[in-house]
Amino acid sequence: MIELIALEKAFGSKEVLRGVDLSVPEGSSTVIIGGSGTGKSVLLKSILGLVTPDKGIITVAGKDATAGDRDAFLAQFGMLFQGAALFDSLSVWQNVAFRLLRGSLKRPKEEARAIAIEKLQRVGMGPDVADLFPAELSGGMQKRVGLARAIAADPKIIFFDEPTTGLDPIMAGVINDLIREIVTEMGATAMTITHDMSSVRAIADRVAMLHAGKIRWEGPVGEIDTADDPYLCQFITGSAEGPIETLR
Amino acid sequence: MNWLGLLGRNTLGLLALIGRIAMFAAQTMSHLVRPPFYTREFLNALVTIGWLSLPVVGLTALFTGGALALQIYAGGARFNAEAVVPSIVAIGMVRELGPVLGGLMVAGRVAAAIAAELGTMKVTEQIDALTTLSTHPMKYLTVPRVLAATLTVPVLVAVGDAIGIFGGYLVGTTRLGFNPAVYLTNTVDFLEAWDVGSGLVKGAVFGFIVATMGCYHGMNSGRGAQGVGKATTNAVVSASVLILASNYVLTEVFFSA
């Protein structure tokens with residue numbers, strides 16, 4: 001289980017997180033929704049230690065995320081970045097097997113390549129792309145490779161940062177289905193941040209809405225359409241009218 | 001406008017920047033001696049920083065050596081000292097022009113390339129991705145580049161010294177009427193081991209500066225194309241200024257009476 005207690009983070013005078021309390025149950029898929037600039041990415045990066053919170057507590061499986069062996073802590077995680085964040089100088093299979101080619105999870109090169117090809121096949125890509133470079137792939141293919149990299153070392157926890165941003169609706173649907181299938185079959189704990197409601201409905205077991213630096217609403221995905229929170233209602237309907245300020 | 005306040009803010013900002021760069025350099029050196037070491041990245045950096053800089057450093061040294069011979073001949077002729085051309089070309093190249101011009105050319109080529117590459121990696125979240133893949137960005141990206149530059153720039157300087165002296169020799173023997181054997185004898189006789197050694201030490205320091213500035217500005221790049229462009233410019237300018245400043249300090253240390 002991932003637990004965030006009273007998490008705060010400010011960049012200069014801009015307070016992004018103002019006391020976030022959130023529990024992500026083990027083996028569940030939690031999607032965090034919220035408008036642009038509400039701190040969703042900062043929240044994920046705080047858990048991973050990419051951003052240092054100003055205040056608050058983060059625990060993963062009951063252990064303080066900021067203490068202990070950093071490599072062992074990060075080995076539990078896989079992450080799909082918004083733009084896939086593939087390494088330009090490495091081929092597709094080397095990107096997927098990055099963690100398996102160095103560090104504590106290092107395997108022989110041939111074994112790492114075989115695992116990479118297996119993971120690529122899991123996300124619907126053939127072995128023929130293994131030796132291509134990221135610049136030779138389309139945006140959707142890069143996302144798939146990023147997904148294969150995220151699951152390559154069979155992590156217990158997977159983070160997805162805006163997994164469908166920049167993709168056409170069909171490819172977005174394919175990625176959403178892949179995420180749902182993979183999370184279910186791996187039994188992993190998943191945290192996804194998005195403002196794409198079709199992703200929310202496809203991926204989530206639970207939904208949390210981040211607004212004004214705090215969790216505004218939290219509950220099972222089946223309840224989002226019947227919830228009476230005006231902020232959540234405005235967000236899921238995409239209405240310009242409501243309590244969330246919009247610029248016109 | 002409050003000029004005193006502006007001066008104070010800028011001074012504090014400059015001191016903070018110097019402090020951040022010093023911390024970055026110290027962290028890089030501490031990682032140099034702690035595993036893991038990324039051999040493949042180091043070998044790649046050796047090729048891109050060292051081998052691929054050879055043409056630009058060689059050409060710079062060749063033309064500089066030739067021009068130096070012409071200048072010293074013209075100056076020496078004013079008091080009948082034309083015979084000093086071979087020795088002054090050699091000493092000038094190995095002590096000053098070889099390391100400084102070599103360092104500046106590498107700064108232009110390598111610091112810019114490193115800053116642009118790491119800056120792009122930063123804005124596309126590749127550096128964050130490295131961290132999530134349990135790989136320390138400083139160990140994987142900075143250490144191999146800094147080590148490779150520190151080791152290869154002295155080699156580039158040595159090659160540049162030889163090419164520069166050869167440039168002076170070519171001009172001296174074909175344009176200025178020097179006897180080839182006498183030119184070479186004068187070059188060798190008046191050159192001391194420390195003349196060459198001091199230039200190589202300068203090369204190592206300049207290599208460290210170039211790669212450290214490229215990595216620092218790249219890893220602290222701002223967002224977007226403008227941020228990466230600014231990081232690239234800052235890397236080249238700061239590396240060049242630091243090369244010239246450290247050259248003066250090293251010359252004082254090595255050769256002051």
# chains A, B, ... in the order shown; residues from 1 in each chain; ligands from 1
>>> select_by_dssp(residues="stretch 167-248 of chain A", states="strand (DSSP E or B)", output="tab-separated table (two decimals) with all heavy atoms, in the first residue's frame")
chain	number	residue	atom	x	y	z
A	189	THR	N	0.25	-2.87	-8.14
A	189	THR	CA	-0.45	-1.66	-7.69
A	189	THR	C	-0.17	-0.59	-8.74
A	189	THR	O	0.98	-0.37	-9.10
A	189	THR	CB	0.12	-1.19	-6.33
A	189	THR	OG1	0.02	-2.28	-5.41
A	189	THR	CG2	-0.64	0.01	-5.81
A	190	ALA	N	-1.23	0.06	-9.22
A	190	ALA	CA	-1.02	1.05	-10.28
A	190	ALA	C	-1.53	2.41	-9.86
A	190	ALA	O	-2.56	2.52	-9.18
A	190	ALA	CB	-1.74	0.61	-11.56
A	191	MET	N	-0.78	3.43	-10.21
A	191	MET	CA	-1.22	4.81	-10.02
A	191	MET	C	-1.10	5.51	-11.35
A	191	MET	O	-0.03	5.50	-11.96
A	191	MET	CB	-0.34	5.53	-9.00
A	191	MET	CG	-0.92	5.61	-7.61
A	191	MET	SD	0.18	6.46	-6.49
A	191	MET	CE	-0.52	8.09	-6.52
A	192	THR	N	-2.19	6.08	-11.82
A	192	THR	CA	-2.20	6.74	-13.12
A	192	THR	C	-2.64	8.18	-12.92
A	192	THR	O	-3.57	8.44	-12.16
A	192	THR	CB	-3.19	6.03	-14.07
A	192	THR	OG1	-2.86	4.65	-14.12
A	192	THR	CG2	-3.14	6.63	-15.47
A	193	ILE	N	-1.99	9.10	-13.60
A	193	ILE	CA	-2.50	10.47	-13.58
A	193	ILE	C	-2.94	10.83	-14.99
A	193	ILE	O	-2.25	10.52	-15.97
A	193	ILE	CB	-1.47	11.48	-13.03
A	193	ILE	CG1	-0.18	11.47	-13.81
A	193	ILE	CG2	-1.22	11.25	-11.57
A	193	ILE	CD1	0.78	12.52	-13.35
A	194	THR	N	-4.08	11.41	-15.07
A	194	THR	CA	-4.63	11.74	-16.39
A	194	THR	C	-5.74	12.77	-16.26
A	194	THR	O	-6.26	12.99	-15.16
A	194	THR	CB	-5.18	10.47	-17.08
A	194	THR	OG1	-5.57	10.78	-18.41
A	194	THR	CG2	-6.37	9.90	-16.33
A	206	ARG	N	-10.18	2.79	-8.48
A	206	ARG	CA	-10.53	3.92	-7.61
A	206	ARG	C	-10.09	5.21	-8.30
A	206	ARG	O	-9.14	5.21	-9.09
A	206	ARG	CB	-9.81	3.81	-6.26
A	206	ARG	CG	-10.26	2.62	-5.43
A	206	ARG	CD	-9.57	2.62	-4.08
A	206	ARG	NE	-9.90	3.80	-3.28
A	206	ARG	CZ	-11.04	3.99	-2.63
A	206	ARG	NH1	-11.98	3.06	-2.68
A	206	ARG	NH2	-11.26	5.08	-1.93
A	207	VAL	N	-10.76	6.27	-7.97
A	207	VAL	CA	-10.44	7.58	-8.56
A	207	VAL	C	-10.24	8.59	-7.43
A	207	VAL	O	-10.97	8.56	-6.43
A	207	VAL	CB	-11.59	8.07	-9.49
A	207	VAL	CG1	-11.27	9.46	-10.05
A	207	VAL	CG2	-11.82	7.08	-10.62
A	208	ALA	N	-9.23	9.44	-7.58
A	208	ALA	CA	-9.04	10.55	-6.64
A	208	ALA	C	-8.90	11.82	-7.46
A	208	ALA	O	-8.19	11.83	-8.46
A	208	ALA	CB	-7.79	10.31	-5.79
A	209	MET	N	-9.61	12.86	-7.04
A	209	MET	CA	-9.51	14.12	-7.77
A	209	MET	C	-8.66	15.11	-6.96
A	209	MET	O	-8.95	15.37	-5.79
A	209	MET	CB	-10.89	14.72	-8.02
A	209	MET	CG	-10.77	16.00	-8.84
A	209	MET	SD	-12.35	16.81	-9.06
A	209	MET	CE	-11.83	18.20	-10.05
A	210	LEU	N	-7.62	15.62	-7.63
A	210	LEU	CA	-6.74	16.60	-6.99
A	210	LEU	C	-7.17	17.99	-7.46
A	210	LEU	O	-7.26	18.26	-8.66
A	210	LEU	CB	-5.30	16.31	-7.42
A	210	LEU	CG	-4.18	17.06	-6.71
A	210	LEU	CD1	-4.14	16.75	-5.22
A	210	LEU	CD2	-2.83	16.70	-7.34
A	211	HIS	N	-7.44	18.83	-6.48
A	211	HIS	CA	-7.81	20.21	-6.84
A	211	HIS	C	-7.32	21.15	-5.74
A	211	HIS	O	-7.45	20.84	-4.55
A	211	HIS	CB	-9.33	20.34	-7.00
A	211	HIS	CG	-9.76	21.73	-7.34
A	211	HIS	ND1	-9.58	22.26	-8.59
A	211	HIS	CD2	-10.32	22.73	-6.59
A	211	HIS	CE1	-10.02	23.50	-8.61
A	211	HIS	NE2	-10.47	23.81	-7.40
A	214	LYS	N	-5.15	19.69	-2.89
A	214	LYS	CA	-5.65	18.67	-1.96
A	214	LYS	C	-6.51	17.65	-2.71
A	214	LYS	O	-6.97	17.93	-3.81
A	214	LYS	CB	-6.52	19.32	-0.87
A	214	LYS	CG	-5.73	20.19	0.07
A	214	LYS	CD	-6.60	20.63	1.23
A	214	LYS	CE	-5.72	21.35	2.25
A	214	LYS	NZ	-6.42	21.69	3.46
A	215	ILE	N	-6.70	16.49	-2.07
A	215	ILE	CA	-7.61	15.51	-2.68
A	215	ILE	C	-9.04	15.99	-2.42
A	215	ILE	O	-9.50	16.06	-1.28
A	215	ILE	CB	-7.39	14.10	-2.07
A	215	ILE	CG1	-5.98	13.59	-2.38
A	215	ILE	CG2	-8.45	13.13	-2.62
A	215	ILE	CD1	-5.65	13.39	-3.84
A	216	ARG	N	-9.72	16.34	-3.49
A	216	ARG	CA	-11.06	16.94	-3.40
A	216	ARG	C	-12.13	15.85	-3.25
A	216	ARG	O	-13.09	16.00	-2.51
A	216	ARG	CB	-11.30	17.73	-4.68
A	216	ARG	CG	-12.66	18.26	-4.91
A	216	ARG	CD	-12.90	19.54	-4.16
A	216	ARG	NE	-14.31	19.67	-3.84
A	216	ARG	CZ	-14.81	20.64	-3.10
A	216	ARG	NH1	-14.00	21.57	-2.61
A	216	ARG	NH2	-16.08	20.70	-2.85
A	217	TRP	N	-11.93	14.74	-3.96
A	217	TRP	CA	-12.90	13.64	-3.92
A	217	TRP	C	-12.17	12.33	-4.15
A	217	TRP	O	-11.20	12.28	-4.90
A	217	TRP	CB	-13.95	13.83	-5.03
A	217	TRP	CG	-15.05	12.80	-5.00
A	217	TRP	CD1	-16.21	12.87	-4.31
A	217	TRP	CD2	-15.07	11.54	-5.69
A	217	TRP	NE1	-16.96	11.75	-4.52
A	217	TRP	CE2	-16.29	10.90	-5.36
A	217	TRP	CE3	-14.18	10.87	-6.54
A	217	TRP	CZ2	-16.64	9.65	-5.85
A	217	TRP	CZ3	-14.54	9.61	-7.03
A	217	TRP	CH2	-15.76	9.01	-6.68
A	218	GLU	N	-12.62	11.30	-3.49
A	218	GLU	CA	-11.98	9.98	-3.66
A	218	GLU	C	-13.05	8.90	-3.53
A	218	GLU	O	-13.92	9.01	-2.67
A	218	GLU	CB	-10.92	9.79	-2.57
A	218	GLU	CG	-10.07	8.56	-2.74
A	218	GLU	CD	-9.15	8.32	-1.55
A	218	GLU	OE1	-9.10	9.18	-0.64
A	218	GLU	OE2	-8.51	7.27	-1.54
A	219	GLY	N	-12.98	7.91	-4.41
A	219	GLY	CA	-13.95	6.84	-4.31
A	219	GLY	C	-13.81	5.85	-5.45
A	219	GLY	O	-12.97	6.01	-6.34
A	220	PRO	N	-14.66	4.80	-5.46
A	220	PRO	CA	-14.61	3.80	-6.54
A	220	PRO	C	-15.01	4.43	-7.87
A	220	PRO	O	-15.81	5.37	-7.89
A	220	PRO	CB	-15.64	2.75	-6.11
A	220	PRO	CG	-15.92	3.01	-4.68
A	220	PRO	CD	-15.65	4.46	-4.43
>>> interface_residues(of="chain A", to="chain B", cutoff="6 Å", atoms="only C-alpha atoms", output="list in words")
Asp71, Leu74, Ala85 and Arg99 of chain A
>>> write_last_selection(atoms="C-alpha atoms", output="compact mmCIF listing (two decimals), in the first residue's frame")
# COMPACT_ATOMS: atom_id res chain seq x y z
CA ASP A 71 18.04 1.13 -5.26
CA LEU A 74 13.16 2.07 -6.81
CA ALA A 85 11.17 9.25 -22.16
CA ARG A 99 17.27 -2.21 -15.86
>>> atom_distance(atom1="atom CA of B:Pro86", atom2="atom CA of B:Arg175")
13.4 Å
>>> select_by_dssp(residues="stretch 84-126 of chain A", states="helix (DSSP H, G or I)", output="MDAnalysis selection string")
chainID A and resid 92:96 98:100 103:105 109:122
>>> residues_around(residues="B:Leu101", least_positions_apart="3", cutoff="12 Å", atoms="only C-alpha atoms", output="MDAnalysis selection string")
chainID B and resid 56:65 92:98 104:108 153 156:157 160:161 164 199 202:203 206 240 243:244 247
>>> write_last_selection(atoms="C-alpha atoms", output="short mmCIF file (atom, residue, chain, number, x, y, z; two decimals), in the first residue's frame")
data_model
loop_
_atom_site.label_atom_id
_atom_site.label_comp_id
_atom_site.auth_asym_id
_atom_site.auth_seq_id
_atom_site.Cartn_x
_atom_site.Cartn_y
_atom_site.Cartn_z
CA VAL B 56 39.29 20.71 -35.40
CA VAL B 57 42.14 20.79 -32.86
CA GLY B 58 44.67 19.68 -35.51
CA LEU B 59 43.61 22.29 -38.06
CA THR B 60 43.59 25.04 -35.43
CA ALA B 61 47.12 24.09 -34.32
CA LEU B 62 48.44 23.83 -37.91
CA PHE B 63 47.34 27.34 -38.90
CA THR B 64 48.29 28.84 -35.53
CA GLY B 65 51.82 27.37 -35.75
CA GLY B 92 54.64 29.22 -27.52
CA MET B 93 52.76 26.24 -28.87
CA VAL B 94 53.39 23.76 -26.07
CA ARG B 95 53.11 26.17 -23.16
CA GLU B 96 50.23 28.40 -24.23
CA LEU B 97 48.66 28.20 -27.65
CA GLY B 98 48.36 24.42 -27.88
CA LEU B 104 38.71 26.55 -26.46
CA MET B 105 38.02 24.54 -29.61
CA VAL B 106 36.97 21.54 -27.51
CA ALA B 107 34.83 23.87 -25.38
CA GLY B 108 33.04 25.07 -28.51
CA VAL B 153 42.15 16.71 -23.90
CA LEU B 156 44.59 16.31 -28.07
CA VAL B 157 46.90 19.03 -26.76
CA GLY B 160 48.00 19.78 -31.41
CA ASP B 161 51.46 20.78 -30.12
CA GLY B 164 51.45 23.36 -34.51
CA GLY B 199 50.78 22.16 -21.29
CA LYS B 202 46.66 22.50 -18.47
CA GLY B 203 44.94 20.26 -21.03
CA PHE B 206 40.67 22.36 -19.38
CA SER B 240 35.72 29.39 -22.31
CA ILE B 243 39.69 28.04 -19.40
CA LEU B 244 41.22 31.49 -19.89
CA ASN B 247 45.21 29.25 -17.74
#
>>> atom_distance(atom1="atom CA of A:Asp228", atom2="atom CA of A:Leu44")
26.9 Å
>>> residues_around(residues="stretch 163-165 of chain A", least_positions_apart="6", cutoff="7 Å", atoms="only C-alpha atoms", output="list in words")
Gln82, Ala172 and Ile175 of chain A
>>> residues_around(residues="stretch 166-169 of chain B", least_positions_apart="3", cutoff="9 Å", atoms="only C-alpha atoms", output="PyMOL selection string")
chain B and resi 61-70+85-86+89-90+161-163+172-174+178+180+183-184
>>> atom_distance(atom1="atom CA of A:Thr59", atom2="atom CA of A:Lys156")
14.5 Å
